[in-house]
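Asks: This is the content of upload12.cif (mmCIF, C-alpha atoms):
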```cif
data_protein
loop_
_atom_site.group_PDB
_atom_site.id
_atom_site.type_symbol
_atom_site.label_atom_id
_atom_site.label_comp_id
_atom_site.auth_asym_id
_atom_site.auth_seq_id
_atom_site.Cartn_x
_atom_site.Cartn_y
_atom_site.Cartn_z
ATOM 1 C CA MET A 485 -9.717 -44.636 -4.346
ATOM 2 C CA THR A 486 -10.453 -43.459 -0.798
ATOM 3 C CA GLU A 487 -8.518 -41.142 1.465
ATOM 4 C CA GLU A 488 -8.339 -43.917 4.038
ATOM 5 C CA THR A 489 -6.559 -46.128 1.531
ATOM 6 C CA TYR A 490 -4.042 -43.607 0.206
ATOM 7 C CA GLN A 491 -2.782 -41.186 2.830
ATOM 8 C CA HIS A 492 -0.557 -38.233 2.064
ATOM 9 C CA ILE A 493 1.854 -36.923 4.691
ATOM 10 C CA THR A 494 2.721 -33.296 4.022
ATOM 11 C CA VAL A 495 6.474 -32.634 4.016
ATOM 12 C CA LEU A 496 8.043 -29.681 5.885
ATOM 13 C CA LEU A 497 4.554 -28.543 6.830
ATOM 14 C CA ASP A 498 5.246 -26.131 9.692
ATOM 15 C CA GLU A 499 8.519 -24.882 8.224
ATOM 16 C CA ALA A 500 6.955 -24.008 4.861
ATOM 17 C CA VAL A 501 3.894 -22.235 6.263
ATOM 18 C CA ASN A 502 5.933 -20.330 8.854
ATOM 19 C CA ALA A 503 8.199 -19.077 6.067
ATOM 20 C CA LEU A 504 5.256 -18.216 3.803
ATOM 21 C CA VAL A 505 2.689 -16.355 5.897
ATOM 22 C CA GLU A 506 3.795 -12.932 7.113
ATOM 23 C CA ASP A 507 0.523 -11.007 6.670
ATOM 24 C CA ARG A 508 -2.530 -12.760 8.134
ATOM 25 C CA ASP A 509 -4.794 -10.589 5.951
ATOM 26 C CA GLY A 510 -2.911 -11.410 2.744
ATOM 27 C CA PHE A 511 -3.623 -13.305 -0.469
ATOM 28 C CA TYR A 512 -1.637 -16.537 -0.880
ATOM 29 C CA ILE A 513 -1.253 -19.197 -3.556
ATOM 30 C CA ASP A 514 -0.657 -22.902 -2.908
ATOM 31 C CA GLY A 515 0.517 -23.947 -6.359
ATOM 32 C CA THR A 516 0.396 -27.679 -5.602
ATOM 33 C CA PHE A 517 -2.685 -28.490 -3.493
ATOM 34 C CA GLY A 518 -2.190 -32.276 -3.376
ATOM 35 C CA ARG A 519 -4.354 -33.336 -0.446
ATOM 36 C CA GLY A 520 -4.416 -29.935 1.215
ATOM 37 C CA GLY A 521 -1.932 -30.326 4.048
ATOM 38 C CA HIS A 522 -0.185 -27.018 3.419
ATOM 39 C CA SER A 523 -3.438 -25.290 2.445
ATOM 40 C CA SER A 524 -5.109 -26.321 5.685
ATOM 41 C CA LEU A 525 -2.332 -24.895 7.838
ATOM 42 C CA ILE A 526 -2.138 -21.703 5.745
ATOM 43 C CA LEU A 527 -5.851 -21.150 6.364
ATOM 44 C CA ASN A 528 -5.281 -21.655 10.087
ATOM 45 C CA GLU A 529 -2.754 -18.817 9.980
ATOM 46 C CA LEU A 530 -4.985 -16.390 8.060
ATOM 47 C CA SER A 531 -7.501 -13.943 9.473
ATOM 48 C CA ASP A 532 -11.080 -13.704 8.243
ATOM 49 C CA ALA A 533 -9.816 -11.192 5.671
ATOM 50 C CA GLY A 534 -7.080 -13.490 4.341
ATOM 51 C CA ARG A 535 -7.524 -15.504 1.167
ATOM 52 C CA LEU A 536 -5.956 -18.650 -0.321
ATOM 53 C CA MET A 537 -6.058 -19.826 -3.910
ATOM 54 C CA ALA A 538 -4.835 -23.352 -4.595
ATOM 55 C CA ILE A 539 -3.926 -24.902 -7.947
ATOM 56 C CA ASP A 540 -3.690 -28.548 -8.967
ATOM 57 C CA LYS A 541 -3.576 -30.558 -12.200
ATOM 58 C CA ASP A 542 -5.137 -33.658 -10.651
ATOM 59 C CA PRO A 543 -8.961 -33.945 -10.871
ATOM 60 C CA GLU A 544 -8.894 -36.119 -7.726
ATOM 61 C CA ALA A 545 -7.146 -33.320 -5.823
ATOM 62 C CA ILE A 546 -9.761 -30.842 -7.066
ATOM 63 C CA ALA A 547 -12.585 -33.120 -5.896
ATOM 64 C CA HIS A 548 -10.914 -33.600 -2.519
ATOM 65 C CA SER A 549 -10.499 -29.846 -2.036
ATOM 66 C CA GLN A 550 -14.145 -29.178 -2.826
ATOM 67 C CA GLU A 551 -15.172 -31.696 -0.185
ATOM 68 C CA ARG A 552 -12.614 -30.718 2.452
ATOM 69 C CA PHE A 553 -13.082 -26.942 2.167
ATOM 70 C CA ALA A 554 -16.691 -26.829 1.005
ATOM 71 C CA ASN A 555 -17.644 -24.414 3.794
ATOM 72 C CA GLU A 556 -14.459 -22.321 3.728
ATOM 73 C CA PRO A 557 -15.162 -18.912 2.130
ATOM 74 C CA ARG A 558 -11.489 -17.907 2.237
ATOM 75 C CA PHE A 559 -10.479 -20.770 -0.082
ATOM 76 C CA GLU A 560 -10.798 -21.472 -3.801
ATOM 77 C CA ILE A 561 -9.041 -23.837 -6.187
ATOM 78 C CA ALA A 562 -8.169 -23.683 -9.879
ATOM 79 C CA HIS A 563 -7.805 -26.796 -12.035
ATOM 80 C CA GLY A 564 -4.608 -26.564 -14.048
ATOM 81 C CA SER A 565 -0.839 -26.286 -13.860
ATOM 82 C CA PHE A 566 1.020 -23.852 -11.650
ATOM 83 C CA ALA A 567 2.612 -22.708 -14.910
ATOM 84 C CA GLN A 568 -0.735 -20.904 -15.406
ATOM 85 C CA LEU A 569 -0.324 -19.070 -12.110
ATOM 86 C CA ASP A 570 -0.177 -15.707 -13.879
ATOM 87 C CA GLU A 571 -3.510 -16.332 -15.612
ATOM 88 C CA PHE A 572 -5.212 -17.440 -12.404
ATOM 89 C CA ALA A 573 -3.861 -14.453 -10.442
ATOM 90 C CA GLN A 574 -4.813 -11.991 -13.192
ATOM 91 C CA ALA A 575 -8.352 -13.376 -13.346
ATOM 92 C CA ARG A 576 -8.710 -12.538 -9.649
ATOM 93 C CA GLY A 577 -7.128 -9.108 -9.924
ATOM 94 C CA LYS A 578 -4.189 -10.183 -7.769
ATOM 95 C CA PHE A 579 -1.304 -10.276 -10.246
ATOM 96 C CA GLY A 580 1.511 -8.198 -8.739
ATOM 97 C CA SER A 581 -0.019 -8.163 -5.261
ATOM 98 C CA VAL A 582 0.253 -11.792 -4.083
ATOM 99 C CA ASP A 583 1.639 -12.026 -0.536
ATOM 100 C CA GLY A 584 3.157 -15.489 -0.882
ATOM 101 C CA ILE A 585 3.458 -18.480 -3.209
ATOM 102 C CA LEU A 586 4.141 -22.056 -2.098
ATOM 103 C CA LEU A 587 5.235 -24.865 -4.426
ATOM 104 C CA ASP A 588 5.541 -28.421 -3.112
ATOM 105 C CA LEU A 589 6.952 -30.146 -6.183
ATOM 106 C CA GLY A 590 6.774 -33.675 -7.497
ATOM 107 C CA VAL A 591 4.170 -36.408 -7.238
ATOM 108 C CA SER A 592 1.937 -36.900 -4.198
ATOM 109 C CA SER A 593 1.694 -40.089 -2.154
ATOM 110 C CA PRO A 594 -1.898 -40.857 -3.273
ATOM 111 C CA GLN A 595 -0.729 -40.650 -6.887
ATOM 112 C CA LEU A 596 2.260 -42.896 -6.230
ATOM 113 C CA ASP A 597 0.376 -45.410 -4.116
ATOM 114 C CA ASP A 598 -2.636 -45.893 -6.391
ATOM 115 C CA PRO A 599 -1.731 -48.531 -9.039
ATOM 116 C CA GLU A 600 -4.469 -47.202 -11.328
ATOM 117 C CA ARG A 601 -2.523 -43.956 -11.807
ATOM 118 C CA GLY A 602 0.494 -45.793 -13.244
ATOM 119 C CA PHE A 603 3.217 -43.771 -11.503
ATOM 120 C CA SER A 604 4.935 -46.611 -9.665
ATOM 121 C CA PHE A 605 6.476 -49.984 -10.427
ATOM 122 C CA GLN A 606 5.653 -51.232 -6.911
ATOM 123 C CA ALA A 607 2.279 -52.622 -8.058
ATOM 124 C CA ASP A 608 1.007 -53.421 -11.530
ATOM 125 C CA GLY A 609 -1.398 -50.992 -13.157
ATOM 126 C CA PRO A 610 -2.124 -49.171 -16.412
ATOM 127 C CA LEU A 611 0.882 -47.213 -17.672
ATOM 128 C CA ASP A 612 -0.606 -43.736 -17.408
ATOM 129 C CA MET A 613 1.554 -41.352 -15.274
ATOM 130 C CA ARG A 614 -0.514 -38.239 -16.109
ATOM 131 C CA MET A 615 -1.139 -35.915 -13.175
ATOM 132 C CA ASP A 616 -4.196 -34.722 -15.087
ATOM 133 C CA ASN A 617 -5.568 -37.963 -16.485
ATOM 134 C CA THR A 618 -8.390 -36.184 -18.306
ATOM 135 C CA GLN A 619 -6.158 -34.816 -21.050
ATOM 136 C CA GLY A 620 -2.849 -35.244 -22.826
ATOM 137 C CA GLU A 621 -0.823 -38.286 -23.750
ATOM 138 C CA SER A 622 -0.276 -41.154 -21.317
ATOM 139 C CA ALA A 623 3.101 -42.819 -20.832
ATOM 140 C CA ALA A 624 1.862 -45.875 -22.727
ATOM 141 C CA GLN A 625 0.754 -43.748 -25.678
ATOM 142 C CA TRP A 626 4.048 -41.860 -25.774
ATOM 143 C CA LEU A 627 6.166 -45.026 -25.566
ATOM 144 C CA ALA A 628 4.154 -46.529 -28.435
ATOM 145 C CA HIS A 629 5.400 -43.952 -30.948
ATOM 146 C CA ALA A 630 8.475 -42.142 -29.526
ATOM 147 C CA SER A 631 11.740 -42.800 -31.333
ATOM 148 C CA GLU A 632 14.533 -44.734 -29.666
ATOM 149 C CA ALA A 633 16.659 -41.581 -29.574
ATOM 150 C CA GLU A 634 13.883 -39.562 -27.946
ATOM 151 C CA ILE A 635 13.262 -42.186 -25.258
ATOM 152 C CA ALA A 636 16.987 -42.452 -24.560
ATOM 153 C CA ASP A 637 17.301 -38.680 -24.258
ATOM 154 C CA VAL A 638 14.382 -38.476 -21.810
ATOM 155 C CA ILE A 639 15.745 -41.243 -19.568
ATOM 156 C CA PHE A 640 19.251 -39.793 -19.596
ATOM 157 C CA THR A 641 18.197 -36.154 -19.117
ATOM 158 C CA TYR A 642 15.367 -36.504 -16.607
ATOM 159 C CA GLY A 643 16.429 -39.751 -14.963
ATOM 160 C CA GLU A 644 20.166 -39.109 -15.084
ATOM 161 C CA ASP A 645 20.541 -42.776 -15.952
ATOM 162 C CA LYS A 646 23.681 -43.644 -17.899
ATOM 163 C CA PHE A 647 21.996 -46.749 -19.298
ATOM 164 C CA GLY A 648 19.274 -44.740 -21.021
ATOM 165 C CA ARG A 649 20.306 -45.880 -24.495
ATOM 166 C CA ARG A 650 20.174 -49.557 -23.527
ATOM 167 C CA MET A 651 16.771 -49.068 -21.917
ATOM 168 C CA ALA A 652 15.396 -47.203 -24.935
ATOM 169 C CA LYS A 653 16.612 -49.923 -27.284
ATOM 170 C CA ALA A 654 14.946 -52.570 -25.103
ATOM 171 C CA ILE A 655 11.674 -50.624 -25.014
ATOM 172 C CA VAL A 656 11.560 -50.252 -28.804
ATOM 173 C CA ALA A 657 12.344 -53.950 -29.276
ATOM 174 C CA ALA A 658 9.687 -54.980 -26.758
ATOM 175 C CA ARG A 659 6.927 -52.841 -28.285
ATOM 176 C CA GLN A 660 7.459 -54.548 -31.623
ATOM 177 C CA GLU A 661 6.427 -57.801 -29.930
ATOM 178 C CA ALA A 662 3.497 -56.387 -27.917
ATOM 179 C CA PRO A 663 2.195 -52.989 -26.773
ATOM 180 C CA ILE A 664 3.653 -51.778 -23.466
ATOM 181 C CA THR A 665 0.548 -50.902 -21.485
ATOM 182 C CA THR A 666 1.265 -51.730 -17.838
ATOM 183 C CA THR A 667 3.761 -50.605 -15.217
ATOM 184 C CA ALA A 668 4.901 -54.182 -14.624
ATOM 185 C CA GLN A 669 5.759 -54.610 -18.309
ATOM 186 C CA LEU A 670 7.825 -51.431 -18.401
ATOM 187 C CA ALA A 671 9.549 -52.146 -15.086
ATOM 188 C CA LYS A 672 10.699 -55.578 -16.269
ATOM 189 C CA ILE A 673 11.917 -54.290 -19.653
ATOM 190 C CA VAL A 674 13.912 -51.497 -18.044
ATOM 191 C CA ALA A 675 15.261 -53.645 -15.205
ATOM 192 C CA ASP A 676 16.439 -56.328 -17.620
ATOM 193 C CA ALA A 677 18.247 -53.647 -19.647
ATOM 194 C CA ASN A 678 20.022 -52.253 -16.588
ATOM 195 C CA PRO A 679 23.352 -54.079 -16.103
ATOM 196 C CA ALA A 680 24.310 -52.354 -12.852
ATOM 197 C CA TRP A 681 21.609 -52.422 -10.199
ATOM 198 C CA GLU A 682 22.148 -49.929 -7.379
ATOM 199 C CA LYS A 683 21.933 -51.318 -3.863
ATOM 200 C CA GLY A 684 18.628 -50.427 -2.246
ATOM 201 C CA LYS A 685 17.165 -48.931 -5.438
ATOM 202 C CA HIS A 686 14.891 -50.610 -7.961
ATOM 203 C CA PRO A 687 16.589 -50.608 -11.384
ATOM 204 C CA ALA A 688 13.540 -48.969 -12.972
ATOM 205 C CA THR A 689 13.446 -46.027 -10.536
ATOM 206 C CA ARG A 690 15.263 -43.501 -12.697
ATOM 207 C CA ALA A 691 13.459 -44.450 -15.910
ATOM 208 C CA PHE A 692 10.027 -44.158 -14.291
ATOM 209 C CA GLN A 693 10.952 -40.766 -12.841
ATOM 210 C CA ALA A 694 12.200 -39.581 -16.222
ATOM 211 C CA ILE A 695 9.129 -40.653 -18.173
ATOM 212 C CA ARG A 696 6.807 -39.141 -15.533
ATOM 213 C CA ILE A 697 8.647 -35.805 -15.686
ATOM 214 C CA HIS A 698 8.448 -35.804 -19.486
ATOM 215 C CA ILE A 699 4.757 -36.748 -19.675
ATOM 216 C CA ASN A 700 3.787 -34.000 -17.225
ATOM 217 C CA ARG A 701 6.244 -31.322 -18.467
ATOM 218 C CA GLU A 702 7.298 -30.933 -14.857
ATOM 219 C CA LEU A 703 10.538 -29.048 -15.354
ATOM 220 C CA GLN A 704 9.226 -26.791 -18.120
ATOM 221 C CA ASP A 705 6.192 -25.947 -15.977
ATOM 222 C CA LEU A 706 8.468 -25.195 -13.018
ATOM 223 C CA GLU A 707 10.608 -22.791 -15.038
ATOM 224 C CA ASP A 708 7.511 -21.021 -16.371
ATOM 225 C CA CYS A 709 5.958 -20.842 -12.915
ATOM 226 C CA LEU A 710 9.060 -19.333 -11.321
ATOM 227 C CA GLU A 711 9.149 -16.483 -13.833
ATOM 228 C CA HIS A 712 5.422 -15.845 -13.398
ATOM 229 C CA SER A 713 5.781 -15.990 -9.607
ATOM 230 C CA LEU A 714 8.320 -13.187 -9.569
ATOM 231 C CA GLU A 715 5.888 -10.875 -11.331
ATOM 232 C CA ALA A 716 2.822 -12.112 -9.436
ATOM 233 C CA LEU A 717 4.290 -11.398 -5.990
ATOM 234 C CA LYS A 718 4.070 -7.998 -4.356
ATOM 235 C CA VAL A 719 7.273 -6.340 -3.116
ATOM 236 C CA GLY A 720 8.029 -8.133 0.135
ATOM 237 C CA GLY A 721 6.100 -11.233 -0.929
ATOM 238 C CA ARG A 722 7.495 -14.658 -0.164
ATOM 239 C CA LEU A 723 8.336 -17.540 -2.495
ATOM 240 C CA VAL A 724 8.643 -20.938 -0.773
ATOM 241 C CA ILE A 725 9.618 -24.015 -2.801
ATOM 242 C CA ILE A 726 10.060 -27.635 -1.722
ATOM 243 C CA SER A 727 11.949 -29.861 -4.192
ATOM 244 C CA PHE A 728 12.425 -33.622 -4.110
ATOM 245 C CA HIS A 729 15.181 -34.308 -6.615
ATOM 246 C CA SER A 730 18.276 -32.591 -7.883
ATOM 247 C CA LEU A 731 16.824 -31.558 -11.262
ATOM 248 C CA GLU A 732 14.065 -29.524 -9.602
ATOM 249 C CA ASP A 733 16.304 -28.063 -6.930
ATOM 250 C CA ARG A 734 18.921 -27.082 -9.505
ATOM 251 C CA ILE A 735 16.318 -25.015 -11.387
ATOM 252 C CA VAL A 736 15.059 -23.372 -8.180
ATOM 253 C CA LYS A 737 18.560 -22.641 -6.874
ATOM 254 C CA ARG A 738 19.634 -21.162 -10.222
ATOM 255 C CA PHE A 739 16.508 -19.002 -10.431
ATOM 256 C CA ILE A 740 16.903 -17.555 -6.935
ATOM 257 C CA ARG A 741 20.626 -16.978 -7.411
ATOM 258 C CA LYS A 742 20.006 -15.168 -10.725
ATOM 259 C CA TYR A 743 17.701 -12.595 -9.166
ATOM 260 C CA VAL A 744 19.669 -12.318 -5.933
ATOM 261 C CA LYS A 745 22.779 -11.334 -7.920
ATOM 262 C CA GLY A 746 20.916 -9.023 -10.286
ATOM 263 C CA ASP A 747 22.216 -7.821 -13.657
ATOM 264 C CA GLU A 748 25.561 -9.413 -14.489
ATOM 265 C CA HIS A 749 25.904 -8.314 -18.113
ATOM 266 C CA LEU A 750 26.750 -4.673 -17.594
ATOM 267 C CA PRO A 751 29.676 -3.266 -19.648
ATOM 268 C CA PRO A 752 33.019 -3.828 -17.878
ATOM 269 C CA GLY A 753 34.799 -0.884 -16.317
ATOM 270 C CA ILE A 754 31.656 1.113 -15.537
ATOM 271 C CA PRO A 755 31.424 2.026 -11.855
ATOM 272 C CA ILE A 756 28.128 0.805 -10.444
ATOM 273 C CA THR A 757 26.445 0.842 -7.073
ATOM 274 C CA ASP A 758 24.602 -2.082 -5.541
ATOM 275 C CA ASP A 759 21.193 -0.575 -6.255
ATOM 276 C CA MET A 760 22.020 -0.406 -9.981
ATOM 277 C CA LEU A 761 22.253 -4.200 -10.246
ATOM 278 C CA ASN A 762 18.451 -4.602 -10.283
ATOM 279 C CA LYS A 763 18.449 -7.269 -7.580
ATOM 280 C CA ARG A 764 14.897 -8.571 -7.407
ATOM 281 C CA LEU A 765 15.103 -11.341 -4.808
ATOM 282 C CA LYS A 766 16.655 -11.835 -1.401
ATOM 283 C CA ALA A 767 17.332 -15.380 -0.235
ATOM 284 C CA VAL A 768 15.862 -16.051 3.205
ATOM 285 C CA GLY A 769 18.234 -18.215 5.222
ATOM 286 C CA LYS A 770 19.868 -21.340 3.879
ATOM 287 C CA MET A 771 18.102 -24.269 2.292
ATOM 288 C CA SER A 772 16.220 -26.462 4.786
ATOM 289 C CA LYS A 773 15.785 -30.218 4.956
ATOM 290 C CA ALA A 774 13.407 -32.449 6.861
ATOM 291 C CA SER A 775 14.405 -33.245 10.433
ATOM 292 C CA ALA A 776 15.536 -36.739 11.435
ATOM 293 C CA ARG A 777 12.250 -37.120 13.286
ATOM 294 C CA GLU A 778 10.232 -36.262 10.173
ATOM 295 C CA VAL A 779 12.281 -38.633 8.026
ATOM 296 C CA ASP A 780 11.670 -41.441 10.528
ATOM 297 C CA HIS A 781 7.941 -40.744 10.350
ATOM 298 C CA ASN A 782 7.870 -40.209 6.571
ATOM 299 C CA PRO A 783 10.838 -41.697 4.656
ATOM 300 C CA ARG A 784 9.758 -39.885 1.463
ATOM 301 C CA SER A 785 10.745 -36.599 3.108
ATOM 302 C CA ARG A 786 14.420 -37.619 3.131
ATOM 303 C CA SER A 787 15.182 -35.966 -0.202
ATOM 304 C CA ALA A 788 13.115 -32.803 0.381
ATOM 305 C CA VAL A 789 14.889 -29.431 0.108
ATOM 306 C CA MET A 790 13.136 -26.145 0.899
ATOM 307 C CA ARG A 791 14.308 -22.751 -0.387
ATOM 308 C CA VAL A 792 12.776 -19.387 0.484
ATOM 309 C CA ALA A 793 13.131 -15.952 -1.119
ATOM 310 C CA THR A 794 11.564 -12.504 -0.708
ATOM 311 C CA LYS A 795 10.778 -10.185 -3.616
ATOM 312 C CA LEU A 796 12.723 -6.915 -3.458
ATOM 313 C CA LYS A 797 11.406 -5.126 -6.540
#
```
If you took the structure in this file and wrote it as structure tokens, what would it be?
Replies:
Amino acid sequence: MTEETYQHITVLLDEAVNALVEDRDGFYIDGTFGRGGHSSLILNELSDAGRLMAIDKDPEAIAHSQERFANEPRFEIAHGSFAQLDEFAQARGKFGSVDGILLDLGVSSPQLDDPERGFSFQADGPLDMRMDNTQGESAAQWLAHASEAEIADVIFTYGEDKFGRRMAKAIVAARQEAPITTTAQLAKIVADANPAWEKGKHPATRAFQAIRIHINRELQDLEDCLEHSLEALKVGGRLVIISFHSLEDRIVKRFIRKYVKGDEHLPPGIPITDDMLNKRLKAVGKMSKASAREVDHNPRSRSAVMRVATKLK
């Protein structure tokens, strides 16, 4: 795969970095390096004293970063999940003093567009779907042994597809005839089991999303990362998160709201002041979406939602 073949257009680039960087001398974390669009602009905003640590699961992203920023002393990258953000920050003596954390969630365009990664039904390829394809179980391996009930639950929960049970039944029946090892195989099985195709949407879209989220523990990692981020940030530090589907955004919105409101389980009838509520976050503005111009240039930005919060204590 070459960068010329699979381009990645960074979503909400200026908006995210403008919201993130308040201290040019600070230490920042880009929890989802991808192809370095946000990281590059963050570095442009930092002074010689500023530092940026990026994180990514994908070995190809790691390799790209080492080539792109080989001569950049203010930059380093850690191979792993942003759910390990606390470990990476602690190892650098920065836990509790991070100036800003950026998360650009979901799958990157190079991952989606490369058939060999197995994320998309648009072109046939091995049914992998792992963001880190050096470890863990691939989608094909999971589908080979998962129970019908487990598959149905994943498709319904993470794909919000009401035909999850029908799809799971079809998958289990199909694997008894032959192993399901390619994206084209899975797409056809799922599409044939979907009795109500949505206009303008491939009938396998939700199932592919669901299986990808499950294989990569995307929502569990997000929940873990958010809790770690709150402790990793310094007071006044910024948390900037870009989500691409409702499941992610729901988790982010709930997390910010929880710490904006503070303690809600105090005994009734006790007079309390605002400072007693232990409010730990302040929401910065309202959620942002990509402009019409950006959507025209990059249709994948249409579903992007950005939320920003500042740590209070």
Asks: What is the CA of Phe605 in chain A to CA of Met651 in chain A distance in Å?
Replies: 15.5 Å
Asks: For the file shown, what are the residues hit by the PyMOL selection byres ((chain A and resi 767-773) around 6), laid out as a PDB file with C-alpha atoms, in the coordinates of the input?
Replies:
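Result written to out-v3.pdb:
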```
ATOM      1  CA  LYS A 766      16.655 -11.835  -1.401  1.00  0.00           C
ATOM      2  CA  ALA A 774      13.407 -32.449   6.861  1.00  0.00           C
ATOM      3  CA  ALA A 788      13.115 -32.803   0.381  1.00  0.00           C
ATOM      4  CA  VAL A 789      14.889 -29.431   0.108  1.00  0.00           C
ATOM      5  CA  MET A 790      13.136 -26.145   0.899  1.00  0.00           C
ATOM      6  CA  ARG A 791      14.308 -22.751  -0.387  1.00  0.00           C
ATOM      7  CA  VAL A 792      12.776 -19.387   0.484  1.00  0.00           C
ATOM      8  CA  ALA A 793      13.131 -15.952  -1.119  1.00  0.00           C
TER       9      ALA A 793
END
```
Asks: Expand the PyMOL selection byres ((chain A and resi 511-519) around 6) into the individual residues it matches in the shown file, reporting them as a PyMOL selection string.
Replies: chain A and resi 510+520-521+534-540+545+566+582-588
Asks: For C-alpha atoms, I'd like the residues from the last selection saved as a short mmCIF file (atom, residue, chain, number, x, y, z; two decimals), in the coordinates of the input.
Replies:
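Just written: part-v4.cif:
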```
data_model
loop_
_atom_site.label_atom_id
_atom_site.label_comp_id
_atom_site.auth_asym_id
_atom_site.auth_seq_id
_atom_site.Cartn_x
_atom_site.Cartn_y
_atom_site.Cartn_z
CA GLY A 510 -2.91 -11.41 2.74
CA GLY A 520 -4.42 -29.94 1.22
CA GLY A 521 -1.93 -30.33 4.05
CA GLY A 534 -7.08 -13.49 4.34
CA ARG A 535 -7.52 -15.50 1.17
CA LEU A 536 -5.96 -18.65 -0.32
CA MET A 537 -6.06 -19.83 -3.91
CA ALA A 538 -4.84 -23.35 -4.60
CA ILE A 539 -3.93 -24.90 -7.95
CA ASP A 540 -3.69 -28.55 -8.97
CA ALA A 545 -7.15 -33.32 -5.82
CA PHE A 566 1.02 -23.85 -11.65
CA VAL A 582 0.25 -11.79 -4.08
CA ASP A 583 1.64 -12.03 -0.54
CA GLY A 584 3.16 -15.49 -0.88
CA ILE A 585 3.46 -18.48 -3.21
CA LEU A 586 4.14 -22.06 -2.10
CA LEU A 587 5.24 -24.86 -4.43
CA ASP A 588 5.54 -28.42 -3.11
#
```
Asks: Can you tell me, as an NGL selection string, what residues are no more than 10 Å from range 592-604 of chain A when counting all atoms listed in the file, ignoring any on the same chain fewer than 6 positions away?
Replies: :A and (485-487 or 489-494 or 516-519 or 542 or 544-545 or 610-617 or 622-624 or 665-668 or 671 or 688-689 or 692-693 or 695-696 or 784)
Asks: Quick one, how far is CA of Arg738 in chain A from CA of Ile561 in chain A?
Replies: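 So the two atoms, CA of Arg738 in chain A and CA of Ile561 in chain A, lie 29.1 Å apart.
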Asks: Please compute the CA of Arg722 in chain A-CA of Thr794 in chain A distance, one decimal, in Å.
Replies: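 Value for the CA of Arg722 in chain A-CA of Thr794 in chain A distance: 4.6 Å.
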Asks: Name every residue that the PyMOL selection byres ((chain A and resi 712) around 10) selects in this structure, writing the answer as a list in words with chains first and numbers rising.
Replies: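 The output of the PyMOL selection byres ((chain A and resi 712) around 10) on this file is Phe566, Ala567, Gln568, Leu569, Asp570, Glu571, Ala573, Phe579, Gly580, Leu706, Glu707, Asp708, Cys709, Leu710, Glu711, Ser713, Leu714, Glu715, Ala716 and Leu717 of chain A.
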Asks: Restricting the calculation to all atoms listed in the file, which member of A:Ser523, A:Gln660, A:Ser531, A:Ser565 is positioned closest to Arg552 in chain A?
Replies: A:Ser523
Asks: When distances are computed from all atoms listed in the file, which of A:His522, A:Gly620, A:Gln606, A:Ala636 shows the smallest separation from Lys685 in chain A?
Replies: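 Looking at the shortest contact to Lys685 in chain A, the residue is A:Gln606.
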